[in-house]
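Structure below is input_35.txt: compact mmCIF, C-alpha atoms.
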```txt
# COMPACT_ATOMS: atom_id res chain seq x y z
CA MET A 17 77.60 -154.44 -170.82
CA ALA A 18 76.70 -158.06 -170.06
CA LYS A 19 76.29 -158.98 -166.41
CA ARG A 20 78.78 -161.34 -164.82
CA ASP A 21 77.67 -164.67 -163.45
CA TYR A 22 76.63 -164.20 -159.80
CA TYR A 23 78.68 -167.19 -158.63
CA GLU A 24 81.71 -165.69 -160.37
CA VAL A 25 81.06 -162.31 -158.72
CA LEU A 26 81.14 -163.83 -155.22
CA GLY A 27 83.83 -166.35 -156.09
CA VAL A 28 81.82 -169.38 -154.96
CA SER A 29 80.67 -172.60 -156.63
CA LYS A 30 77.06 -173.52 -157.38
CA SER A 31 77.21 -176.05 -154.54
CA ALA A 32 78.29 -173.43 -151.98
CA SER A 33 76.34 -173.36 -148.71
CA LYS A 34 74.43 -170.32 -147.49
CA ASP A 35 77.13 -169.66 -144.90
CA GLU A 36 79.85 -169.76 -147.58
CA ILE A 37 77.86 -167.39 -149.77
CA LYS A 38 77.37 -164.99 -146.86
CA LYS A 39 81.06 -165.04 -145.92
CA ALA A 40 82.10 -164.40 -149.53
CA TYR A 41 79.72 -161.44 -149.78
CA ARG A 42 80.84 -159.92 -146.47
CA LYS A 43 84.47 -160.10 -147.56
CA LEU A 44 83.72 -158.22 -150.80
CA ALA A 45 81.34 -155.77 -149.12
CA ILE A 46 83.99 -154.71 -146.62
CA LYS A 47 86.67 -154.54 -149.33
CA TYR A 48 84.63 -152.26 -151.61
CA HIS A 49 82.60 -150.38 -148.98
CA PRO A 50 82.19 -146.66 -149.93
CA ASP A 51 83.48 -145.56 -146.51
CA LYS A 52 86.73 -147.41 -147.26
CA ASN A 53 86.90 -146.19 -150.87
CA PRO A 54 85.59 -142.60 -150.91
CA GLY A 55 85.11 -141.21 -154.40
CA ASP A 56 86.10 -144.51 -156.07
CA HIS A 57 83.30 -145.21 -158.58
CA GLU A 58 84.77 -148.55 -159.65
CA ALA A 59 84.75 -149.77 -156.04
CA GLU A 60 81.17 -148.54 -155.67
CA ASP A 61 80.12 -150.53 -158.75
CA LYS A 62 81.77 -153.67 -157.36
CA PHE A 63 80.08 -153.04 -154.01
CA LYS A 64 76.67 -152.92 -155.73
CA GLU A 65 77.48 -155.90 -157.95
CA ALA A 66 78.37 -158.06 -154.93
CA ALA A 67 75.20 -157.02 -153.10
CA GLU A 68 73.08 -157.83 -156.16
CA ALA A 69 74.65 -161.28 -156.45
CA TYR A 70 74.16 -161.97 -152.73
CA GLU A 71 70.53 -160.80 -152.82
CA VAL A 72 69.76 -163.54 -155.37
CA LEU A 73 71.99 -166.39 -154.21
CA SER A 74 71.01 -166.04 -150.54
CA ASN A 75 67.32 -166.51 -151.40
CA ASP A 76 66.34 -170.12 -152.12
CA GLU A 77 63.51 -169.23 -154.52
CA LYS A 78 65.50 -166.62 -156.45
CA LYS A 79 68.56 -168.86 -156.55
CA ALA A 80 66.49 -171.69 -158.08
CA LYS A 81 65.13 -169.34 -160.76
CA TYR A 82 68.61 -167.99 -161.47
CA ASP A 83 70.05 -171.50 -161.79
CA ARG A 84 67.30 -172.36 -164.28
CA PHE A 85 66.86 -169.16 -166.28
CA GLY A 86 69.98 -167.08 -165.60
CA HIS A 87 69.71 -163.30 -165.50
CA ALA A 88 66.50 -163.39 -167.59
CA GLY A 89 64.72 -165.11 -164.71
CA MET A 90 65.49 -162.08 -162.56
CA GLY A 91 63.63 -159.73 -164.91
CA GLY A 92 66.53 -159.28 -167.29
CA ALA A 93 69.11 -157.88 -164.91
CA GLY A 94 69.10 -159.39 -161.47
CA GLY A 95 68.82 -158.54 -157.80
CA PHE A 96 66.20 -156.22 -156.33
CA GLY A 97 63.81 -156.64 -159.24
CA GLY A 98 66.25 -156.99 -162.04
CA GLN A 99 67.22 -153.32 -162.33
CA GLY A 100 70.42 -153.06 -160.32
CA MET A 101 71.02 -151.83 -156.78
CA ASN A 102 71.24 -148.56 -154.93
CA MET A 103 72.91 -147.75 -151.63
CA GLU A 104 69.62 -147.38 -149.74
CA ASP A 105 68.61 -150.92 -150.73
CA ILE A 106 71.97 -152.38 -149.71
CA PHE A 107 72.23 -150.70 -146.31
CA GLU A 108 68.57 -151.34 -145.51
CA HIS A 109 68.66 -155.06 -146.34
CA PHE A 110 72.23 -156.12 -145.62
CA GLY A 111 73.66 -153.55 -143.20
CA ASP A 112 73.83 -156.14 -140.41
CA ILE A 113 76.22 -158.31 -142.45
CA PHE A 114 78.96 -155.67 -142.23
CA GLY A 115 79.10 -156.37 -138.51
CA GLY A 116 79.26 -152.71 -137.53
CA ALA A 117 82.62 -152.31 -139.28
CA PHE A 118 81.62 -148.91 -140.59
CA GLY A 119 79.40 -147.53 -137.86
CA PHE A 120 75.64 -147.61 -137.35
CA GLY A 121 73.84 -149.67 -139.98
CA GLY A 122 77.00 -150.29 -141.93
CA GLY A 123 76.49 -147.29 -144.17
CA GLY A 124 74.94 -143.84 -144.36
CA GLY A 125 73.57 -144.05 -140.82
CA GLY A 126 77.04 -143.73 -139.40
CA ARG A 127 77.32 -140.30 -140.97
CA GLY A 128 74.09 -139.01 -139.41
CA GLU A 129 72.07 -139.10 -142.60
CA PRO A 130 68.28 -139.70 -142.47
CA ARG A 131 67.01 -143.06 -143.65
CA MET A 132 64.80 -143.05 -146.73
CA ARG A 133 62.14 -145.74 -146.37
CA ARG A 134 61.50 -147.80 -149.46
CA GLY A 135 57.93 -148.38 -150.63
CA SER A 136 56.40 -151.84 -150.58
CA ASN A 137 56.22 -154.12 -153.61
CA LEU A 138 53.08 -154.70 -155.65
CA ARG A 139 52.10 -158.01 -157.24
CA VAL A 140 50.02 -158.50 -160.36
CA ARG A 141 49.18 -161.42 -162.66
CA VAL A 142 49.49 -161.12 -166.43
CA LYS A 143 47.89 -163.60 -168.84
CA LEU A 144 49.78 -164.21 -172.08
CA THR A 145 48.93 -166.15 -175.22
CA LEU A 146 51.56 -168.42 -176.76
CA GLU A 147 51.86 -165.93 -179.62
CA GLU A 148 52.74 -163.19 -177.12
CA ILE A 149 55.20 -165.49 -175.38
CA ALA A 150 56.82 -166.33 -178.73
CA ASN A 151 57.31 -162.70 -179.74
CA GLY A 152 57.47 -160.84 -176.44
CA ALA A 153 54.80 -158.30 -175.56
CA GLU A 154 54.18 -154.87 -174.12
CA LYS A 155 51.34 -154.78 -171.62
CA LYS A 156 49.69 -151.84 -169.91
CA ILE A 157 48.73 -152.80 -166.38
CA LYS A 158 46.19 -150.86 -164.35
CA VAL A 159 47.09 -150.88 -160.64
CA ASN A 160 45.87 -149.16 -157.52
CA LYS A 161 49.00 -147.98 -155.72
CA LEU A 162 50.32 -145.55 -153.14
CA VAL A 163 51.85 -142.44 -154.71
CA GLN A 164 53.39 -139.26 -153.40
CA ALA A 165 50.53 -136.87 -152.73
CA GLU A 166 50.62 -133.48 -154.42
CA GLY A 167 50.59 -130.29 -152.38
CA VAL A 168 52.17 -131.80 -149.27
CA GLU A 169 54.60 -129.58 -147.35
CA TYR A 170 57.28 -131.22 -145.21
CA ALA A 171 59.14 -129.86 -142.24
CA THR A 172 62.20 -131.04 -140.34
CA CYS A 173 61.32 -133.62 -137.69
CA SER A 174 61.05 -131.90 -134.35
CA THR A 175 62.23 -134.97 -132.46
CA CYS A 176 65.49 -135.82 -134.27
CA GLY A 177 66.21 -132.45 -135.90
CA GLY A 178 66.26 -134.02 -139.35
CA SER A 179 68.94 -136.66 -138.68
CA GLY A 180 66.46 -139.52 -138.68
CA ARG A 181 68.02 -140.95 -135.50
CA VAL A 182 67.82 -140.45 -131.79
CA THR A 183 70.63 -141.15 -129.36
CA ARG A 184 70.10 -142.63 -125.94
CA VAL A 185 72.62 -142.78 -123.10
CA THR A 186 72.24 -145.54 -120.53
CA GLN A 187 74.25 -146.20 -117.39
CA THR A 188 75.82 -149.66 -117.09
CA PHE A 189 78.30 -151.22 -114.67
CA LEU A 190 80.94 -150.45 -117.31
CA GLY A 191 79.94 -146.82 -117.42
CA GLN A 192 77.79 -144.85 -119.84
CA MET A 193 76.76 -146.53 -123.09
CA GLN A 194 75.44 -144.59 -126.06
CA THR A 195 73.12 -146.20 -128.61
CA ALA A 196 71.45 -144.80 -131.72
CA SER A 197 68.18 -145.91 -133.30
CA ALA A 198 65.67 -144.73 -135.87
CA CYS A 199 63.57 -141.80 -134.75
CA PRO A 200 60.14 -143.05 -133.55
CA ASN A 201 58.43 -139.84 -134.71
CA CYS A 202 59.56 -139.84 -138.37
CA GLN A 203 60.61 -143.55 -138.67
CA GLY A 204 64.09 -142.45 -139.66
CA THR A 205 63.14 -140.15 -142.56
CA GLY A 206 64.08 -136.91 -140.78
CA LYS A 207 60.84 -135.27 -141.99
CA GLN A 208 57.30 -134.75 -140.85
CA ILE A 209 54.25 -133.37 -142.63
CA LYS A 210 53.67 -129.65 -142.14
CA SER A 211 50.48 -129.34 -144.19
CA SER A 212 48.51 -131.52 -146.63
CA LYS A 213 45.14 -131.90 -148.33
CA ALA A 214 42.29 -134.17 -147.32
CA GLY A 215 42.80 -137.88 -147.96
CA VAL A 216 46.57 -137.81 -147.57
CA LEU A 217 47.96 -140.49 -145.28
CA PRO A 218 50.27 -139.59 -142.36
CA ASP A 219 53.31 -140.67 -144.42
CA GLY A 220 52.52 -138.26 -147.28
CA LEU A 221 51.02 -140.86 -149.62
CA GLU A 222 47.64 -141.26 -151.26
CA ARG A 223 45.99 -144.05 -153.26
CA LYS A 224 45.69 -143.58 -156.99
CA GLU A 225 44.91 -145.76 -160.01
CA VAL A 226 47.72 -145.66 -162.54
CA ILE A 227 48.56 -147.44 -165.78
CA ILE A 228 52.04 -148.96 -165.95
CA PRO A 229 53.56 -150.18 -169.25
CA ILE A 230 55.71 -153.29 -168.89
CA GLU A 231 57.88 -155.17 -171.36
CA ILE A 232 57.51 -158.97 -171.34
CA PRO A 233 60.55 -160.75 -172.84
CA ALA A 234 59.99 -163.58 -175.31
CA GLY A 235 60.13 -167.13 -173.96
CA VAL A 236 58.72 -166.59 -170.45
CA GLU A 237 56.97 -169.52 -168.76
CA GLU A 238 53.94 -170.15 -166.59
CA GLY A 239 54.76 -169.28 -162.97
CA MET A 240 57.79 -167.13 -163.80
CA GLN A 241 57.93 -163.85 -161.87
CA LEU A 242 59.35 -160.72 -163.45
CA SER A 243 60.20 -157.56 -161.53
CA VAL A 244 59.80 -154.00 -162.75
CA ARG A 245 62.07 -151.75 -160.74
CA GLY A 246 60.54 -148.74 -158.99
CA LYS A 247 56.93 -149.32 -160.13
CA GLY A 248 55.55 -150.50 -156.81
CA ASN A 249 54.20 -148.30 -154.01
CA ASP A 250 56.04 -145.02 -153.49
CA GLY A 251 58.12 -144.71 -150.32
CA PRO A 252 56.87 -142.72 -147.32
CA MET A 253 58.01 -139.12 -147.04
CA GLY A 254 59.49 -139.08 -150.54
CA GLY A 255 61.35 -142.38 -150.20
CA PRO A 256 62.16 -144.62 -153.21
CA ALA A 257 59.40 -146.77 -154.67
CA GLY A 258 59.15 -150.54 -154.34
CA ASP A 259 58.94 -152.92 -157.28
CA LEU A 260 56.10 -154.27 -159.38
CA LEU A 261 56.25 -158.08 -159.36
CA VAL A 262 54.61 -159.62 -162.44
CA LEU A 263 53.51 -163.27 -162.26
CA ILE A 264 53.18 -164.91 -165.69
CA GLU A 265 50.12 -167.02 -166.59
CA GLU A 266 49.73 -168.83 -169.92
CA VAL A 267 46.41 -168.88 -171.76
CA PRO A 268 45.62 -172.40 -173.10
CA HIS A 269 46.08 -172.55 -176.89
CA GLU A 270 43.57 -173.86 -179.40
CA HIS A 271 46.10 -176.03 -181.24
CA PHE A 272 49.29 -176.38 -179.21
CA SER A 273 50.45 -177.67 -175.86
CA ARG A 274 53.79 -176.61 -174.43
CA ASP A 275 56.73 -178.52 -172.99
CA GLY A 276 59.52 -176.09 -172.17
CA ASN A 277 60.46 -174.44 -175.46
CA ASN A 278 58.89 -177.20 -177.57
CA LEU A 279 55.31 -177.15 -178.86
CA HIS A 280 53.14 -180.21 -179.51
CA TYR A 281 50.43 -180.48 -182.17
CA ASP A 282 48.05 -183.39 -182.87
CA LEU A 283 47.51 -184.10 -186.57
CA TYR A 284 44.58 -186.35 -187.47
CA LEU A 285 44.50 -188.06 -190.88
CA ASN A 286 42.47 -190.87 -192.42
CA PHE A 287 44.19 -194.21 -192.92
CA ALA A 288 44.02 -193.86 -196.70
CA ASP A 289 46.31 -190.82 -196.48
CA ALA A 290 48.47 -192.66 -193.97
CA ALA A 291 48.81 -195.60 -196.36
CA LEU A 292 49.38 -193.66 -199.58
CA GLY A 293 51.07 -190.51 -198.26
CA GLU A 294 49.83 -186.93 -198.49
CA SER A 295 50.84 -183.29 -197.93
CA TYR A 296 49.18 -181.39 -195.08
CA GLU A 297 49.16 -177.72 -194.13
CA ILE A 298 49.36 -177.27 -190.36
CA PRO A 299 49.37 -174.21 -188.09
CA THR A 300 52.56 -172.98 -186.43
CA ILE A 301 53.02 -170.32 -183.77
CA SER A 302 54.04 -167.85 -186.50
CA GLY A 303 51.73 -168.89 -189.36
CA LYS A 304 51.42 -172.12 -191.33
CA ALA A 305 53.71 -174.83 -192.67
CA LYS A 306 53.40 -177.71 -195.14
CA ILE A 307 54.50 -181.18 -194.10
CA LYS A 308 54.76 -184.40 -196.10
CA ILE A 309 53.18 -187.55 -194.70
CA ALA A 310 55.17 -190.47 -196.10
CA ALA A 311 53.34 -193.52 -197.43
CA GLY A 312 52.90 -196.16 -194.76
CA THR A 313 53.00 -193.72 -191.82
CA HIS A 314 51.75 -195.32 -188.60
CA SER A 315 49.67 -193.70 -185.89
CA GLY A 316 51.91 -192.45 -183.10
CA LYS A 317 54.73 -191.25 -185.36
CA ILE A 318 56.20 -187.88 -184.34
CA LEU A 319 57.41 -185.41 -186.95
CA ARG A 320 59.81 -182.67 -185.79
CA LEU A 321 59.79 -179.18 -187.30
CA LYS A 322 63.07 -177.62 -186.16
CA GLY A 323 62.93 -174.07 -184.82
CA LYS A 324 59.13 -173.82 -184.97
CA GLY A 325 58.72 -173.79 -181.19
CA LEU A 326 59.26 -171.02 -178.64
CA PRO A 327 62.44 -168.98 -178.05
CA SER A 328 64.50 -169.50 -174.92
CA VAL A 329 64.03 -166.73 -172.37
CA ASN A 330 67.84 -166.69 -172.05
CA GLY A 331 68.28 -166.27 -175.80
CA TYR A 332 69.77 -169.76 -176.23
CA GLY A 333 67.95 -170.78 -179.41
CA THR A 334 64.40 -171.83 -180.23
CA GLY A 335 62.46 -175.01 -179.52
CA ASP A 336 60.78 -177.31 -182.06
CA LEU A 337 57.22 -178.09 -183.11
CA LEU A 338 56.48 -181.79 -182.59
CA VAL A 339 53.65 -183.10 -184.79
CA HIS A 340 51.96 -186.20 -183.39
CA VAL A 341 50.33 -188.29 -186.14
CA ASN A 342 46.98 -189.82 -185.24
CA VAL A 343 45.34 -192.08 -187.83
CA TRP A 344 41.63 -191.41 -187.72
CA THR A 345 39.12 -194.26 -187.95
CA PRO A 346 35.84 -193.10 -189.51
CA GLN A 347 32.44 -193.99 -188.10
CA ASP A 348 28.96 -194.28 -189.69
CA LEU A 349 30.28 -195.74 -192.94
CA SER A 350 28.07 -195.96 -195.99
CA SER A 351 27.25 -199.38 -197.46
CA GLU A 352 29.64 -198.75 -200.34
CA GLU A 353 32.48 -197.86 -197.97
CA LYS A 354 31.79 -200.94 -195.87
CA LYS A 355 31.89 -203.06 -199.03
CA MET A 356 35.31 -201.66 -199.96
CA LEU A 357 36.63 -202.39 -196.49
CA GLU A 358 35.35 -205.95 -196.69
CA GLN A 359 37.21 -206.36 -199.99
CA LEU A 360 40.39 -205.09 -198.40
CA LYS A 361 39.89 -207.31 -195.38
CA THR A 362 39.50 -210.46 -197.45
CA SER A 363 42.38 -209.55 -199.74
CA GLY A 364 44.79 -209.39 -196.81
CA ASN A 365 45.31 -205.65 -196.77
CA PHE A 366 45.08 -205.48 -193.00
CA ARG A 367 47.81 -208.02 -192.39
CA PRO A 368 51.08 -206.88 -190.73
CA ASN A 369 52.94 -207.63 -194.00
CA PRO A 370 50.64 -206.57 -196.86
CA THR A 371 51.10 -208.07 -200.33
CA GLY A 372 51.69 -204.76 -202.12
CA ASN A 373 48.59 -205.09 -204.32
CA GLU A 374 46.47 -202.77 -202.18
CA LYS A 375 47.32 -199.42 -203.76
CA GLY A 376 44.30 -199.45 -206.03
CA PHE A 377 41.96 -200.17 -203.12
CA PHE A 378 43.46 -197.41 -200.98
CA SER A 379 43.22 -194.92 -203.84
CA LYS A 380 39.49 -195.56 -204.09
CA MET A 381 39.12 -195.44 -200.31
CA LYS A 382 40.95 -192.14 -200.14
CA GLU A 383 38.36 -190.60 -202.42
CA PHE A 384 35.62 -191.70 -200.02
CA PHE A 385 37.28 -191.00 -196.71
CA SER A 386 38.58 -187.57 -197.69
CA HIS A 387 34.92 -186.49 -197.70
CA SER A 388 33.87 -188.43 -194.61
```

Can I see the file as structure tokens?
Amino acid sequence: MAKRDYYEVLGVSKSASKDEIKKAYRKLAIKYHPDKNPGDHEAEDKFKEAAEAYEVLSNDEKKAKYDRFGHAGMGGAGGFGGQGMNMEDIFEHFGDIFGGAFGFGGGGGGRGEPRMRRGSNLRVRVKLTLEEIANGAEKKIKVNKLVQAEGVEYATCSTCGGSGRVTRVTQTFLGQMQTASACPNCQGTGKQIKSSKAGVLPDGLERKEVIIPIEIPAGVEEGMQLSVRGKGNDGPMGGPAGDLLVLIEEVPHEHFSRDGNNLHYDLYLNFADAALGESYEIPTISGKAKIKIAAGTHSGKILRLKGKGLPSVNGYGTGDLLVHVNVWTPQDLSSEEKKMLEQLKTSGNFRPNPTGNEKGFFSKMKEFFSHS
């Protein structure tokens, strides 16, 4: 099912201010909050959809990428790494927006549930050739990350009794006031390590080198960041993993330069071919193509090969290959070649409006210059 436009989800325009975006999200979040709609899966989906839209549109960098590339710029799906949302993400990042309407933290905390801490994100750079960008690629990335250690036994936190929260009662001039906060012993997870092997960190994690396969969509650009959901560092005490953020780098190409989805290629030909016309075989990103150089072609002319560029990352068509014609002037001429040029020069062949009697001269020159 195709994702809805994020502005449509929140019911705001592209020119909406941050405050307007926040107000629109809060309104939807309260309307579809799971505490208000218990057991309603449709409301839960709308709750997640609104949070995903807000996560992107409230962030200047992500909003700019979304405005330029759409959902593809978010890793193919959107908020929180492009793979959808879960309740832990929403309550952890946006619980304060609910304004306490549903209890502590705006979500699960109000029901005394422990808080699962999400792992941190990892960032890697991936270099791609233009051929890989044109076709999409699968890469296997080797990363050193935090993973759940094997053989670790957990026990219920002795401080909070497994709730993940501690309650404090303070005396004020208005009377007693009760506040709840994350347990300082287990950081809100409700668990503590009972036994583990050597090398395991206090949060139950250990460092390990792993290989992660990632899919790169066709049409990505230099500087674009893709997110792979759940492939970052594992969360402490069995919490959900963070994301793997993949920064795209383009490898310079032997023949082409890039401008958006268009490719540029410099074609050099001798002026005999430019004068008489000739067929040339040139490289393309997917193979080779033949082009016809018309007689009388000037240096600086641009020939356009439709659809021979790069695909749009959003799937909105393919760019073109632009062939820039450069008429090549030979050096180190032989005496015979110089003599022919002198004949042309005196016969007026280099005038802006040639007489039309030069074809024989150019035919002979072509024979020479094609081997120069």

Tell me, as a list in words, which residues lie within 9 Å of range 214-222 of chain A, counting all atoms listed in the file; anything in the same chain fewer than 4 positions away does not count.
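In the requested format, the answer is Lys161, Leu162, Val163, Gln164, Ala165, Glu166, Val168, Glu169, Tyr170, Cys202, Gln208, Ile209, Asp250, Gly251, Pro252, Met253 and Gly254 of chain A.
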
- Query: For Gly204 in chain A, which of A:Pro327, A:Gly178, A:Pro54, A:Pro233 is the closest residue, counting all atoms listed in the file?
  - Reply: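 Residue with the minimum atom-to-atom distance to Gly204 in chain A: A:Gly178.
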
- Item | Å distance separating CA of Ala59 in chain A from CA of His87 in chain A, one decimal place |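 Going from CA of Ala59 in chain A over to CA of His87 in chain A, I get 22.3 Å.
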
Taken to one decimal, the CA of Tyr284 in chain A-CA of Leu338 in chain A distance is 13.6 Å

* To do: Tell me, as a list in words, which residues lie within 9 Å of range 195-197 of chain A, counting all atoms listed in the file; anything in the same chain fewer than 6 positions away does not count.
  =>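 Close residues of range 195-197 of chain A: Phe120, Gly180, Arg181, Val182, Thr183, Arg184, Val185, Thr186 and Gly204 of chain A.
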
Neighbours of Val142 in chain A within 7 Å (all atoms listed in the file; same-chain residues fewer than 5 positions away dropped), as JSON, numbers by chain? {"A": [262, 263, 264, 265]}

* Interatomic distance between CA of Arg141 in chain A and CA of Lys224 in chain A? ->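 Here the two named atoms are 19.0 Å from each other.
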
Quick one: residues within 8 Å of range 303-317 of chain A, all atoms listed in the file, excluding same-chain residues fewer than 5 positions away - as a PDB file with C-alpha atoms, keeping the file's coordinate frame?
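Here's the written file selection23.pdb:
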```
ATOM      1  CA  ASP A 289      46.310-190.820-196.480  1.00  0.00           C
ATOM      2  CA  ALA A 290      48.470-192.660-193.970  1.00  0.00           C
ATOM      3  CA  ALA A 291      48.810-195.600-196.360  1.00  0.00           C
ATOM      4  CA  LEU A 292      49.380-193.660-199.580  1.00  0.00           C
ATOM      5  CA  GLY A 293      51.070-190.510-198.260  1.00  0.00           C
ATOM      6  CA  GLU A 294      49.830-186.930-198.490  1.00  0.00           C
ATOM      7  CA  SER A 295      50.840-183.290-197.930  1.00  0.00           C
ATOM      8  CA  TYR A 296      49.180-181.390-195.080  1.00  0.00           C
ATOM      9  CA  GLU A 297      49.160-177.720-194.130  1.00  0.00           C
ATOM     10  CA  ILE A 298      49.360-177.270-190.360  1.00  0.00           C
ATOM     11  CA  HIS A 340      51.960-186.200-183.390  1.00  0.00           C
ATOM     12  CA  VAL A 341      50.330-188.290-186.140  1.00  0.00           C
ATOM     13  CA  ASN A 342      46.980-189.820-185.240  1.00  0.00           C
ATOM     14  CA  VAL A 343      45.340-192.080-187.830  1.00  0.00           C
TER      15      VAL A 343
END
```

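Of the listed residues (A:Ala66, A:Asp56, A:Arg274, A:Lys354), A:Ala66 comes nearest to Lys39 in chain A; the distances count only C-alpha atoms.
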
task: May I have the residues within 12 Å of Asn249 in chain A as a PyMOL selection string, using all atoms listed in the file and disregarding those fewer than 5 positions away in the same chain?
output: chain A and resi 133-139+159-164+221-226+244+254-261

Measuring between all atoms listed in the file, which one of A:Lys38, A:His280, A:Lys81, A:Lys322 shows the shortest distance to Val339 in chain A?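 Comparing A:Lys38, A:His280, A:Lys81, A:Lys322 against Val339 in chain A, the winner is A:His280.
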
With distances taken over all atoms listed in the file, the candidate from A:Leu73, A:Gly89, A:Arg245, A:Leu144 nearest Ala32 in chain A is A:Leu73

Find the residues of range 289-337 of chain A that sit at most 8 Å from range 145-151 of chain A; for each, write down the nearest two atoms and how far apart they are in Å, to one decimal. Count only C-alpha atoms. Sort by chain, then by number going up, and give it as CSV.
```
residue,atom,partner,partner_atom,distance
A:Ile301,CA,A:Glu147,CA,6.2
A:Ser302,CA,A:Glu147,CA,7.5
A:Leu326,CA,A:Ala150,CA,5.3
A:Pro327,CA,A:Ala150,CA,6.3
```
